[in-house]
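Down below is the structure, laid out as structure tokens.
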Amino acid sequence: MKIIIVLIFMAISFLANCQSKPAVPNPPKVKKSETKTTSSSSSVSVQNSDSSYSLKASFDSDKNDNVKRMLMDYLDEKYLIAKGEVLIWKKMDADEIVYSVTFKKGSLKMNVDKELSSGNTVREFEKLGDRLRETISND
């Protein structure tokens, strides 16, 4: 009889242990600096025809300073019009726009009229456009 009681007790103990939930380990704690998520987007569109050259770009704000510095270094300050944080360079010949460059936070537009500009000016704007495209496109 003792053997039967011991067997019943062992069977109940075994069944009770089988019913318990397995222990789930806690996920490791992550520091806030490790959960930093960043996304960036930029686009550059260049149109180069026989009569005009244009560049339109949008980019993240972290590239504003580099783009602005390149424009300030390259373009003639006498054609600069500052309207708050918007910078506009506009060169006129009589009543026609030879070139215009508009810089705002996160965007840039350049237009050059090839018929009103010298070949050297057009080449310089094309070089500037290439440098700007590199700067904007690189992360």
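In the structure tokens, chains take the letters A, B, ... in the order shown, each chain's residues start at 1, and ligands count up from 1 in the order shown.
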
List every residue of segment 1-115 of chain A that DSSP, applied to the backbone of this structure, assigns to strand (DSSP E or B), and report them as JSON, numbers by chain.
-> {"A": [43, 44, 45, 46, 47, 48, 52, 53, 54, 55, 56, 57, 58, 80, 81, 82, 83, 86, 87, 88, 89, 90, 91, 92, 93, 96, 97, 98, 99, 100, 101, 102, 103, 104, 107, 108, 109, 110, 111, 112, 113]}

Contact residues around Lys68 of chain A with only C-alpha atoms at 12 Å, ignoring same-chain residues under 6 positions, as a list in words | Ser61, Asp62, Tyr74, Leu75, Glu85, Val86, Leu87, Ile88, Trp89, Val101, Thr102, Phe103, Lys104, Lys105, Gly106, Ser107, Leu108, Leu132, Thr135 and Ile136 of chain A

Using DSSP on the backbone coordinates, identify the residues of chain A assigned to helix (DSSP H, G or I); present them as a VMD selection string.
-> chain A and resid 2 to 18 32 to 35 61 to 74 77 to 79 119 to 137

Correct to one decimal, the distance atom CA of Ser45 of chain A-atom CA of Asp130 of chain A is 11.0 Å

Please, what distance in Å, to one decimal, runs between atom CA of Asp50 of chain A and atom CA of Asp95 of chain A?
->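 Atom-to-atom, atom CA of Asp50 of chain A to atom CA of Asp95 of chain A, that is 21.3 Å.
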
Kindly give the distance, in Å, that separates atom CA of Asp113 of chain A and atom CA of Asn138 of chain A, rounded to a single decimal.
-> 28.1 Å

Counting only C-alpha atoms, the residue of A:Lys114, A:Arg69, A:Lys63, A:Lys78 that sits nearest Val98 of chain A | A:Lys114

Can you list, as an NGL selection string, every protein, DNA or RNA residue that comes within 8 Å of Ser42 of chain A when you count only C-alpha atoms, leaving out same-chain residues fewer than 4 positions away?
-> :A and (57-60 or 136-137)

Compile the contact shell of Glu126 of chain A as a count of residues only: residues with an atom at most 12 Å away, counting only C-alpha atoms, same-chain residues fewer than 6 positions apart removed.
-> 16
